[in-house]
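Pasting run_38.txt here (compact mmCIF, C-alpha atoms):
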# COMPACT_ATOMS: atom_id res chain seq x y z
CA MET A 24 0.00 0.00 0.00
CA PHE A 25 1.31 3.45 -0.92
CA ILE A 26 0.17 6.68 0.67
CA VAL A 27 0.43 9.46 -1.86
CA GLN A 28 -0.28 13.11 -1.17
CA PRO A 29 -2.73 14.55 -3.76
CA GLU A 30 -0.13 16.85 -5.30
CA CYS A 31 2.31 13.96 -5.85
CA ILE A 32 0.13 11.56 -7.83
CA ASN A 33 1.63 12.33 -11.24
CA VAL A 34 5.18 12.83 -10.01
CA LEU A 35 6.07 9.41 -8.64
CA GLY A 36 7.00 7.25 -11.60
CA LYS A 37 6.28 3.97 -9.89
CA ARG A 38 2.70 5.08 -9.40
CA THR A 39 2.16 6.27 -12.98
CA ASN A 40 4.28 4.93 -15.84
CA LYS A 41 5.81 1.78 -14.38
CA ARG A 42 2.86 -0.22 -13.16
CA ASN A 43 3.28 -3.94 -13.62
CA HIS A 44 0.83 -6.22 -15.39
CA SER A 45 -0.82 -7.31 -12.16
CA VAL A 46 -1.74 -3.72 -11.33
CA GLN A 47 -3.19 -3.22 -14.82
CA LEU A 48 -5.22 -6.41 -14.37
CA PHE A 49 -6.43 -5.13 -10.98
CA ARG A 50 -7.64 -1.91 -12.61
CA ILE A 51 -9.43 -3.79 -15.39
CA LEU A 52 -11.17 -6.05 -12.88
CA ASN A 53 -12.28 -3.03 -10.86
CA PHE A 54 -13.65 -1.45 -14.06
CA VAL A 55 -15.59 -4.60 -14.89
CA LYS A 56 -16.95 -4.74 -11.33
CA SER A 57 -18.12 -1.14 -11.66
CA LEU A 58 -19.96 -1.94 -14.90
CA CYS A 59 -21.64 -4.91 -13.23
CA LEU A 60 -22.70 -2.76 -10.29
CA VAL A 61 -24.24 -0.15 -12.60
CA PHE A 62 -26.13 -2.92 -14.44
CA LEU A 63 -27.45 -4.43 -11.18
CA VAL A 64 -28.63 -1.08 -9.85
CA SER A 65 -30.35 -0.33 -13.17
CA PHE A 66 -31.92 -3.77 -13.27
CA HIS A 67 -33.34 -3.63 -9.75
CA GLY A 68 -34.43 -0.03 -10.29
CA PHE A 69 -36.30 1.96 -7.71
CA GLY A 70 -37.15 -1.04 -5.56
CA HIS A 71 -33.44 -1.66 -4.87
CA HIS A 72 -32.92 1.98 -4.01
CA ARG A 73 -35.88 2.00 -1.65
CA GLU A 74 -34.44 -0.94 0.28
CA ALA A 75 -31.33 1.13 0.98
CA CYS A 76 -33.42 3.99 2.40
CA PRO A 77 -35.41 2.70 5.38
CA GLU A 78 -36.79 6.20 6.02
CA ARG A 79 -39.24 5.66 3.13
CA SER A 80 -42.42 3.95 4.18
CA GLU A 81 -44.04 1.43 1.88
CA GLY A 82 -46.15 3.12 -0.78
CA SER A 83 -44.80 6.64 -0.19
CA LEU A 84 -42.21 8.67 -2.04
CA THR A 85 -39.95 11.13 -0.27
CA SER A 86 -37.51 13.44 -2.00
CA ALA A 87 -33.79 12.76 -1.60
CA ALA A 88 -33.35 16.20 -0.08
CA ASN A 89 -35.88 15.47 2.64
CA ILE A 90 -34.33 12.08 3.37
CA LYS A 91 -30.89 13.62 3.72
CA SER A 92 -32.10 16.36 6.02
CA SER A 93 -33.89 13.84 8.25
CA LYS A 94 -30.73 11.84 8.88
CA MET A 95 -28.40 12.63 11.74
CA LYS A 96 -24.91 13.51 10.53
CA THR A 97 -22.26 10.91 11.29
CA ILE A 98 -18.84 11.81 12.57
CA ASN A 99 -17.45 11.00 9.12
CA ASP A 100 -19.81 13.55 7.60
CA CYS A 101 -18.60 16.19 10.05
CA LEU A 102 -14.92 15.37 9.54
CA LYS A 103 -15.30 15.94 5.81
CA GLU A 104 -16.61 19.43 6.47
CA ARG A 105 -14.36 20.95 9.12
CA ILE A 106 -11.90 20.52 11.98
CA LEU A 107 -13.70 18.96 14.95
CA ILE A 108 -13.11 19.89 18.58
CA ILE A 109 -12.59 17.32 21.34
CA ASP A 110 -12.94 18.35 24.98
CA GLY A 111 -10.26 19.10 27.56
CA ALA A 112 -9.13 17.63 30.86
CA MET A 113 -11.64 15.95 33.15
CA GLY A 114 -9.24 15.66 36.12
CA THR A 115 -8.35 19.35 36.04
CA MET A 116 -12.01 20.28 36.28
CA ILE A 117 -12.71 17.76 39.05
CA GLN A 118 -9.86 19.25 41.10
CA ARG A 119 -11.65 22.60 41.07
CA HIS A 120 -14.41 21.07 43.18
CA LYS A 121 -11.91 20.30 45.99
CA LEU A 122 -13.67 17.04 46.85
CA GLU A 123 -12.90 15.14 50.03
CA GLU A 124 -13.01 11.43 50.85
CA ALA A 125 -16.69 11.57 51.84
CA ASP A 126 -17.56 13.19 48.50
CA TYR A 127 -15.93 10.38 46.57
CA ARG A 128 -17.62 7.72 48.69
CA GLY A 129 -21.14 9.07 48.50
CA GLU A 130 -23.86 7.16 50.28
CA ARG A 131 -23.25 3.86 48.54
CA PHE A 132 -19.57 3.50 49.46
CA LYS A 133 -19.57 5.36 52.79
CA ASP A 134 -18.38 2.22 54.62
CA TRP A 135 -15.92 0.99 51.96
CA HIS A 136 -12.82 -0.51 53.61
CA LYS A 137 -10.29 1.36 51.44
CA ASP A 138 -9.75 5.04 50.73
CA VAL A 139 -11.22 6.04 47.37
CA LYS A 140 -10.28 9.72 47.20
CA GLY A 141 -8.61 10.29 43.84
CA ASN A 142 -10.66 7.62 42.07
CA ASN A 143 -12.22 10.14 39.70
CA ASP A 144 -14.04 7.46 37.71
CA LEU A 145 -16.08 6.54 40.79
CA LEU A 146 -17.70 9.99 40.66
CA SER A 147 -19.77 8.87 37.68
CA ILE A 148 -21.73 6.81 40.22
CA THR A 149 -21.42 8.82 43.44
CA GLN A 150 -21.47 12.39 42.05
CA PRO A 151 -22.94 12.15 38.53
CA GLN A 152 -24.15 15.76 38.63
CA ILE A 153 -20.53 16.97 38.83
CA ILE A 154 -19.47 14.89 35.81
CA GLU A 155 -22.49 16.00 33.77
CA GLU A 156 -21.79 19.64 34.64
CA ILE A 157 -18.19 19.33 33.42
CA HIS A 158 -19.36 17.76 30.16
CA GLN A 159 -21.88 20.56 29.80
CA GLN A 160 -19.18 23.20 30.20
CA TYR A 161 -17.08 21.65 27.45
CA LEU A 162 -20.07 21.40 25.12
CA GLU A 163 -20.88 25.07 25.72
CA ALA A 164 -17.23 25.92 25.00
CA GLY A 165 -17.54 24.38 21.53
CA ALA A 166 -16.60 20.71 21.88
CA ASP A 167 -17.99 18.42 19.17
CA ILE A 168 -16.70 15.30 20.97
CA ILE A 169 -16.77 14.73 24.72
CA GLU A 170 -14.96 11.87 26.43
CA THR A 171 -16.50 9.67 29.08
CA ASN A 172 -15.04 9.75 32.58
CA THR A 173 -13.64 6.21 32.18
CA PHE A 174 -9.86 6.60 31.86
CA SER A 175 -9.33 4.05 34.66
CA SER A 176 -12.61 2.13 34.48
CA THR A 177 -11.14 -1.34 34.04
CA SER A 178 -10.99 -4.18 36.54
CA ILE A 179 -7.18 -3.95 36.45
CA ALA A 180 -7.01 -0.25 37.28
CA GLN A 181 -9.84 -0.40 39.83
CA ALA A 182 -8.00 -3.16 41.70
CA ASP A 183 -6.05 -0.38 43.45
CA TYR A 184 -9.29 0.39 45.31
CA GLU A 185 -10.55 -3.21 45.32
CA LEU A 186 -13.46 -2.07 43.15
CA GLN A 187 -12.92 -4.53 40.29
CA SER A 188 -16.50 -5.76 40.59
CA ILE A 189 -18.01 -2.42 39.50
CA ALA A 190 -15.84 -1.86 36.40
CA TYR A 191 -18.70 -2.56 34.00
CA GLU A 192 -21.07 -0.37 36.00
CA LEU A 193 -18.59 2.51 35.99
CA ASN A 194 -18.50 2.51 32.19
CA VAL A 195 -22.28 2.38 31.81
CA ALA A 196 -22.74 5.19 34.35
CA ALA A 197 -20.07 7.40 32.77
CA ALA A 198 -21.49 6.92 29.28
CA LYS A 199 -24.94 7.88 30.55
CA CYS A 200 -23.54 11.02 32.22
CA ALA A 201 -22.04 12.09 28.89
CA LYS A 202 -25.16 11.22 26.91
CA ASN A 203 -27.34 13.12 29.39
CA ALA A 204 -25.13 16.17 29.04
CA VAL A 205 -25.36 16.00 25.24
CA ALA A 206 -29.15 15.64 25.38
CA LYS A 207 -29.47 18.67 27.65
CA PHE A 208 -27.12 20.71 25.49
CA LEU A 209 -28.90 19.85 22.26
CA SER A 210 -32.22 20.89 23.78
CA SER A 211 -30.80 24.31 24.73
CA PRO A 212 -30.58 27.43 22.51
CA LEU A 213 -26.75 27.20 22.58
CA SER A 214 -26.81 24.10 20.38
CA THR A 215 -28.18 26.06 17.42
CA ASN A 216 -25.26 28.50 17.35
CA GLY A 217 -22.12 28.03 15.31
CA GLU A 218 -20.82 24.87 13.65
CA GLY A 219 -22.17 21.36 14.03
CA GLN A 220 -25.73 22.36 14.77
CA GLY A 221 -27.76 19.55 16.30
CA VAL A 222 -25.04 16.93 16.60
CA ARG A 223 -22.42 16.07 19.25
CA PHE A 224 -20.56 12.82 19.86
CA VAL A 225 -19.64 10.84 22.97
CA ALA A 226 -16.30 9.04 22.87
CA GLY A 227 -15.82 6.16 25.27
CA ALA A 228 -12.40 6.80 26.82
CA ILE A 229 -10.19 3.70 27.12
CA GLY A 230 -7.02 4.46 29.09
CA PRO A 231 -3.60 2.77 29.02
CA LEU A 232 -3.87 0.87 32.36
CA ASN A 233 -1.49 1.05 35.31
CA LYS A 234 0.24 -2.18 34.24
CA THR A 235 2.11 -2.73 30.99
CA LEU A 236 2.67 -5.74 28.77
CA SER A 237 5.97 -4.54 27.27
CA LEU A 238 7.84 -3.45 30.40
CA SER A 239 8.77 -5.14 33.65
CA PRO A 240 7.98 -3.35 36.92
CA ASP A 241 11.00 -5.11 38.44
CA VAL A 242 14.37 -3.73 37.30
CA ASN A 243 16.06 -6.87 38.62
CA ASN A 244 13.85 -9.15 36.52
CA PRO A 245 13.34 -7.65 33.04
CA GLY A 246 11.44 -10.71 31.84
CA TYR A 247 8.74 -10.39 34.50
CA ARG A 248 5.30 -9.06 33.61
CA ALA A 249 2.67 -8.06 36.16
CA VAL A 250 -0.15 -8.97 33.79
CA THR A 251 -0.79 -11.18 30.75
CA PHE A 252 -2.18 -10.23 27.33
CA ASP A 253 -5.34 -12.25 27.99
CA GLU A 254 -5.94 -10.50 31.31
CA VAL A 255 -5.56 -7.08 29.68
CA ALA A 256 -7.80 -8.05 26.75
CA ASN A 257 -10.49 -9.38 29.09
CA ALA A 258 -10.42 -6.20 31.17
CA TYR A 259 -10.79 -4.08 28.04
CA TYR A 260 -13.57 -6.34 26.73
CA GLU A 261 -15.59 -5.67 29.88
CA GLN A 262 -14.95 -1.94 29.52
CA VAL A 263 -16.01 -1.91 25.87
CA LYS A 264 -19.21 -3.76 26.75
CA GLY A 265 -20.06 -1.18 29.40
CA LEU A 266 -19.34 1.77 27.11
CA VAL A 267 -21.40 0.34 24.26
CA ASP A 268 -24.28 -0.55 26.59
CA GLY A 269 -24.11 2.99 27.93
CA GLY A 270 -24.61 4.38 24.42
CA VAL A 271 -21.27 5.88 23.30
CA ASP A 272 -20.82 6.87 19.66
CA ILE A 273 -17.07 6.29 19.36
CA LEU A 274 -14.41 4.25 21.17
CA LEU A 275 -11.21 6.15 21.97
CA ILE A 276 -8.05 4.26 22.93
CA GLU A 277 -5.93 7.06 24.34
CA THR A 278 -2.68 8.04 26.05
CA ILE A 279 -0.96 4.95 24.65
CA PHE A 280 2.58 4.57 25.95
CA ASP A 281 2.71 0.77 25.54
CA THR A 282 1.60 -0.35 22.10
CA LEU A 283 1.02 -3.92 23.26
CA ASN A 284 -1.63 -2.69 25.70
CA ALA A 285 -3.25 -0.81 22.84
CA LYS A 286 -3.21 -3.96 20.72
CA ALA A 287 -5.03 -5.78 23.52
CA ALA A 288 -7.66 -3.01 23.50
CA ILE A 289 -8.02 -3.26 19.71
CA TYR A 290 -8.36 -7.04 19.99
CA ALA A 291 -11.02 -6.66 22.70
CA ILE A 292 -13.01 -4.19 20.59
CA LYS A 293 -12.94 -6.40 17.51
CA LYS A 294 -13.83 -9.49 19.54
CA TYR A 295 -16.73 -7.76 21.28
CA PHE A 296 -18.37 -6.71 18.03
CA ARG A 297 -17.77 -10.15 16.49
CA ASP A 298 -19.29 -11.87 19.50
CA THR A 299 -22.34 -9.61 19.66
CA LYS A 300 -22.76 -9.29 15.88
CA GLN A 301 -23.29 -5.55 16.26
CA LYS A 302 -22.09 -2.93 13.83
CA GLU A 303 -18.64 -1.73 14.89
CA LEU A 304 -18.34 1.75 16.33
CA PRO A 305 -15.65 4.06 14.94
CA VAL A 306 -12.35 3.75 16.80
CA MET A 307 -10.02 6.64 17.55
CA ILE A 308 -6.44 5.88 18.60
CA SER A 309 -4.18 8.36 20.38
CA GLY A 310 -0.60 7.68 21.42
CA THR A 311 1.77 9.50 23.72
CA ILE A 312 5.28 10.65 22.84
CA THR A 313 6.96 10.86 26.22
CA ASP A 314 10.01 13.04 25.52
CA ALA A 315 12.12 14.86 22.94
CA SER A 316 13.35 11.54 21.49
CA GLY A 317 10.05 11.21 19.65
CA ARG A 318 9.38 7.74 21.02
CA THR A 319 6.71 6.13 23.14
CA LEU A 320 7.62 4.84 26.60
CA SER A 321 7.88 1.31 25.19
CA GLY A 322 10.47 2.55 22.67
CA GLN A 323 8.63 2.89 19.37
CA THR A 324 9.12 5.75 16.96
CA LEU A 325 5.99 7.52 15.78
CA GLU A 326 6.09 5.74 12.42
CA ALA A 327 6.51 2.34 14.09
CA PHE A 328 3.60 3.09 16.41
CA TYR A 329 1.39 4.11 13.49
CA ILE A 330 2.21 0.95 11.53
CA SER A 331 1.63 -1.21 14.62
CA VAL A 332 -1.98 -0.07 15.09
CA SER A 333 -3.02 0.79 11.51
CA HIS A 334 -4.49 -2.71 11.03
CA ALA A 335 -7.38 -1.56 13.25
CA LYS A 336 -8.45 0.78 10.42
CA PRO A 337 -9.12 3.60 12.91
CA LEU A 338 -11.27 6.61 12.21
CA SER A 339 -8.36 8.72 13.41
CA ILE A 340 -4.92 8.39 14.87
CA GLY A 341 -3.23 11.06 16.91
CA LEU A 342 -1.27 12.18 19.93
CA ASN A 343 -2.20 13.43 23.38
CA CYS A 344 -0.73 14.10 26.82
CA ALA A 345 2.92 14.28 28.03
CA LEU A 346 3.80 17.29 25.82
CA GLY A 347 2.50 20.80 25.38
CA ALA A 348 1.44 22.05 21.98
CA LYS A 349 4.83 23.66 21.30
CA GLU A 350 6.71 20.40 21.97
CA MET A 351 4.14 18.27 20.14
CA ARG A 352 4.22 20.24 16.88
CA PRO A 353 7.01 18.34 15.02
CA HIS A 354 5.40 15.01 15.87
CA ILE A 355 1.98 16.12 14.64
CA GLU A 356 3.54 17.33 11.41
CA GLU A 357 5.21 13.94 10.94
CA LEU A 358 2.01 12.07 11.73
CA SER A 359 0.05 14.14 9.21
CA GLN A 360 2.42 12.86 6.53
CA LEU A 361 2.18 9.24 7.68
CA ALA A 362 -1.50 8.69 8.37
CA SER A 363 -3.97 7.54 5.74
CA CYS A 364 -6.83 8.22 8.19
CA TYR A 365 -7.86 11.40 10.01
CA THR A 366 -5.43 12.86 12.56
CA SER A 367 -6.09 14.14 16.07
CA ALA A 368 -4.07 16.11 18.59
CA TYR A 369 -4.92 17.24 22.09
CA PRO A 370 -1.81 18.42 23.97
CA ASN A 371 -1.38 19.47 27.57
CA ALA A 372 -1.54 23.13 28.58
CA GLY A 373 2.23 23.38 28.21
CA LEU A 374 4.64 21.53 30.47
CA PRO A 375 4.01 21.33 34.23
CA ASN A 376 5.82 23.70 36.53
CA ALA A 377 7.78 22.72 39.65
CA PHE A 378 4.52 22.18 41.54
CA GLY A 379 3.00 19.95 38.85
CA GLU A 380 0.61 22.67 37.70
CA TYR A 381 0.03 23.99 34.20
CA ASP A 382 0.57 27.69 33.48
CA GLU A 383 -0.08 27.96 29.74
CA GLN A 384 -3.00 30.29 29.17
CA PRO A 385 -5.90 29.45 26.81
CA HIS A 386 -4.89 32.02 24.17
CA GLU A 387 -1.32 30.65 24.14
CA THR A 388 -2.40 27.04 23.54
CA ALA A 389 -4.92 28.15 20.92
CA HIS A 390 -2.33 30.25 19.05
CA ILE A 391 -0.03 27.25 18.63
CA ILE A 392 -2.83 24.91 17.56
CA GLU A 393 -4.08 27.52 15.08
CA GLU A 394 -0.76 27.20 13.25
CA TRP A 395 -1.30 23.42 12.99
CA ALA A 396 -4.68 24.07 11.41
CA ALA A 397 -3.22 26.63 9.02
CA GLU A 398 -0.58 24.12 7.92
CA GLY A 399 -3.19 21.41 7.35
CA PHE A 400 -1.87 18.97 9.97
CA VAL A 401 -5.07 18.10 11.83
CA ASN A 402 -8.70 16.97 11.67
CA ILE A 403 -9.51 16.85 15.40
CA VAL A 404 -8.01 19.11 18.09
CA GLY A 405 -8.57 19.72 21.78
CA GLY A 406 -6.79 19.61 25.10
CA CYS A 407 -5.42 17.18 27.67
CA CYS A 408 -3.91 17.76 31.14
CA GLY A 409 -4.30 21.28 32.47
CA THR A 410 -6.76 22.41 29.81
CA THR A 411 -10.17 23.81 30.68
CA PRO A 412 -13.36 24.84 28.88
CA ASP A 413 -11.70 28.24 28.36
CA HIS A 414 -8.84 26.54 26.48
CA ILE A 415 -11.34 24.64 24.35
CA LYS A 416 -13.31 27.79 23.61
CA HIS A 417 -10.19 29.60 22.42
CA ILE A 418 -9.04 26.63 20.34
CA ALA A 419 -12.47 26.32 18.69
CA GLU A 420 -12.47 30.02 17.83
CA GLN A 421 -8.96 29.95 16.38
CA VAL A 422 -9.38 26.93 14.09
CA LYS A 423 -12.94 27.42 12.84
CA ASN A 424 -11.91 29.31 9.70
CA TYR A 425 -9.35 26.75 8.54
CA LYS A 426 -9.96 23.76 6.31
CA ALA A 427 -9.44 20.34 7.80
CA ARG A 428 -6.50 18.23 6.68
CA GLU A 429 -7.28 16.40 3.45
CA LEU A 430 -6.95 12.65 3.49
CA PRO A 431 -4.10 11.44 1.27
CA VAL A 432 -4.81 9.38 -1.84
CA VAL A 433 -4.09 5.75 -1.03
CA GLU A 434 -3.13 3.53 -3.96
CA GLU A 435 -3.10 -0.21 -3.55
CA GLU A 436 -1.09 -2.62 -5.64
CA ILE A 437 -1.49 -6.36 -6.08
CA PHE A 438 1.80 -8.19 -5.78
CA ALA A 439 2.25 -11.36 -7.77
Final structure tokens representation of the file:
Amino acid sequence: MFIVQPECINVLGKRTNKRNHSVQLFRILNFVKSLCLVFLVSFHGFGHHREACPERSEGSLTSAANIKSSKMKTINDCLKERILIIDGAMGTMIQRHKLEEADYRGERFKDWHKDVKGNNDLLSITQPQIIEEIHQQYLEAGADIIETNTFSSTSIAQADYELQSIAYELNVAAAKCAKNAVAKFLSSPLSTNGEGQGVRFVAGAIGPLNKTLSLSPDVNNPGYRAVTFDEVANAYYEQVKGLVDGGVDILLIETIFDTLNAKAAIYAIKKYFRDTKQKELPVMISGTITDASGRTLSGQTLEAFYISVSHAKPLSIGLNCALGAKEMRPHIEELSQLASCYTSAYPNAGLPNAFGEYDEQPHETAHIIEEWAAEGFVNIVGGCCGTTPDHIKHIAEQVKNYKARELPVVEEEIFA
């Protein structure tokens, strides 16, 4: 498979004048298939077309324009039109509430035998009004996509609090919080202003876990692993089930620093939809470059990471966390040249200061991301650690007048 930028199609000789016989045969077969398709559509006539449009009731005719207007736009439709905005940090906003142990516990877990303060995902059950309010703020700031509060909602991650048994419930509850926020927003006057009128998307957030498949937690035993691939895949399978049952529109595997963990998540997603025979939801994948070397924590270059997960045929691939927008820029530029799918980027609000806090102001983050949009690097942008609804509002304002990155032309060859 070759990925060719649109302006390069007639420049690369191998793609134009030096095609082998097998490629010519492939083209001829495709042409013949197209002719057959035209014949079949013509033969079946209107009855075939009506079957493809379930909005038409039997015995009634509806214009194509009316049918199109009655359909909800998909995320693919929106991505073809403009740069989409994903929300900012959930943890940063939760910290503003200055919650104590009793707030995290709520009534249901008031007698739990372990401390749960800091388990932000638990708030989807014990303080759902706080999570919905945060989602609402991001929607009002201009977010097209909001993430569920499920970064650590797996049985493996929840084992730190001995709450493995509620992992599924956490995902369902968080998805419902996000869906409720979207429903409230879309019923408000704010939803009719600006871009993307009448449509917002909920992405089920799937985090990287607190245990890795590629690295040993014991420096004296590099071959040791704290978890197996099957255990990770099973934990992700349960999370995917909860997110889907809760009604998410997209699945987002994010903050990937160990590609093998991400592969387990991809496997779990594919297996879940095979097992349930449901239509697959779009999958977004977002990795994390941990330092100036341009590699993930498990040692892969950006290109190696992209190739490792491209078999999942994601809706988008991108980067988030670890770096601020300034430090992330060269990696986003590289990714925009590599990816045959849409690209996403949601950096931190700069790098943390000596106290672990983020000082980069909304207009500063937005100014840097605006340049990415102007250069045609991105399709989806937003914020990660340290970002707030104010950051998202500024980002949305700065990129709204720029065209989204165009997908490259992908040319396939058949090898004898």
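What separates atom CA of A:Glu398 from atom CA of A:His354 is a distance of 13.5 Å.
Across A:Thr313, A:Gln150, A:Asn203, A:Thr115, the tightest approach to A:Val271 is made by A:Asn203 when counting all atoms listed in the file.
Take the candidates A:Val433, A:Ile273, A:Ala197, A:Met113 and check each one against A:Pro337 using all atoms listed in the file; the shortest distance goes to A:Ile273.
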Would you mind listing what lies within 9 Å of A:Ser359 as a list in words, with all atoms listed in the file counted and same-chain residues fewer than 2 positions away left out?
Gly341, His354, Ile355, Glu356, Glu357, Leu361, Ala362, Ser363, Tyr365, Thr366, Gly399, Phe400, Val401 and Arg428 of chain A
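With distances restricted to only C-alpha atoms, A:Gly347 is the closest residue to A:Asn376 from A:Pro240, A:Pro305, A:Gly347, A:Pro151.
Neighbourhood of point (-9.4, 5.1, 11.8): residues with an atom at most 7 Å away, counting all atoms listed in the file, are A:Val306, A:Met307, A:Lys336, A:Pro337, A:Leu338, A:Ser339, A:Ile340, A:Cys364, A:Tyr365.
Minimum atom-to-atom distance to A:Tyr381, evaluated using all atoms listed in the file, belongs to A:Ala112 out of A:Ala190, A:Val222, A:Ala196, A:Ala112.
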For A:Asn194, which of A:Gly405, A:Gly317, A:Gly129, A:Gly270 is the closest residue, counting only C-alpha atoms?
A:Gly270
I'd like the contact shell of A:Ser239 - 12 Å cut-off, all atoms listed in the file, skipping same-chain residues fewer than 4 positions apart - returned as a list in words.
Lys234, Thr235, Asn243, Asn244, Pro245, Gly246, Tyr247, Arg248, Ala249, Val250, Thr251, Asp281 and Ser321 of chain A
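When only C-alpha atoms are used to measure the gap to A:Ala228, the shortest distance among A:Val195, A:Leu374, A:Leu213, A:Ala335 belongs to A:Val195.
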Within 10 Å of (-11.0, 23.7, 21.0) in the file's own coordinates, which protein, DNA or RNA residues have an atom, counting all atoms listed in the file? List them as JSON, numbers by chain.
{"A": [106, 107, 108, 109, 110, 111, 161, 164, 165, 166, 167, 369, 385, 388, 389, 392, 393, 403, 404, 405, 406, 410, 411, 412, 413, 414, 415, 416, 417, 418, 419, 420, 421, 422, 423]}
What's the separation between atom CA of A:Lys140 and atom CA of A:Lys199, in Å to one decimal place?
22.3 Å
Could the centre and edge lengths of an axis-aligned box, enclosing all atoms of stretch 321-334 of chain A in the file with 5 Å extra on each side, be given in Å to one decimal as AutoDock Vina command-line options?
--center_x 3.0 --center_y 2.4 --center_z 18.1 --size_x 25.0 --size_y 20.2 --size_z 24.2
re atom CA of A:Gly265 and atom CA of A:Val205: distance 18.5 Å
Could you please fill out stretch 392-405 of chain A with N, CA and C atoms and send it back as a compact mmCIF listing (two decimals), in the coordinates of the input?
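The new file part_12.txt reads:
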# COMPACT_ATOMS: atom_id res chain seq x y z
N ILE A 392 -2.00 25.86 18.30
CA ILE A 392 -2.83 24.91 17.56
C ILE A 392 -3.40 25.55 16.28
N GLU A 393 -3.62 26.84 16.29
CA GLU A 393 -4.08 27.52 15.08
C GLU A 393 -3.08 27.34 13.94
N GLU A 394 -1.79 27.38 14.28
CA GLU A 394 -0.76 27.20 13.25
C GLU A 394 -0.82 25.79 12.67
N TRP A 395 -1.13 24.79 13.51
CA TRP A 395 -1.30 23.42 12.99
C TRP A 395 -2.43 23.37 11.97
N ALA A 396 -3.52 24.04 12.31
CA ALA A 396 -4.68 24.07 11.41
C ALA A 396 -4.33 24.77 10.11
N ALA A 397 -3.61 25.87 10.21
CA ALA A 397 -3.22 26.63 9.02
C ALA A 397 -2.32 25.81 8.10
N GLU A 398 -1.50 24.95 8.70
CA GLU A 398 -0.58 24.12 7.92
C GLU A 398 -1.25 22.85 7.41
N GLY A 399 -2.48 22.59 7.83
CA GLY A 399 -3.19 21.41 7.35
C GLY A 399 -2.75 20.11 7.99
N PHE A 400 -2.37 20.17 9.28
CA PHE A 400 -1.87 18.97 9.97
C PHE A 400 -2.98 18.14 10.62
N VAL A 401 -4.13 18.74 10.90
CA VAL A 401 -5.07 18.10 11.83
C VAL A 401 -6.50 18.06 11.33
N ASN A 402 -7.25 17.09 11.89
CA ASN A 402 -8.70 16.97 11.67
C ASN A 402 -9.50 17.12 12.96
N ILE A 403 -8.86 16.75 14.08
CA ILE A 403 -9.51 16.85 15.40
C ILE A 403 -8.50 17.45 16.37
N VAL A 404 -8.91 18.49 17.11
CA VAL A 404 -8.01 19.11 18.09
C VAL A 404 -8.76 19.37 19.39
N GLY A 405 -8.00 19.46 20.47
CA GLY A 405 -8.57 19.72 21.78
C GLY A 405 -7.47 19.84 22.79
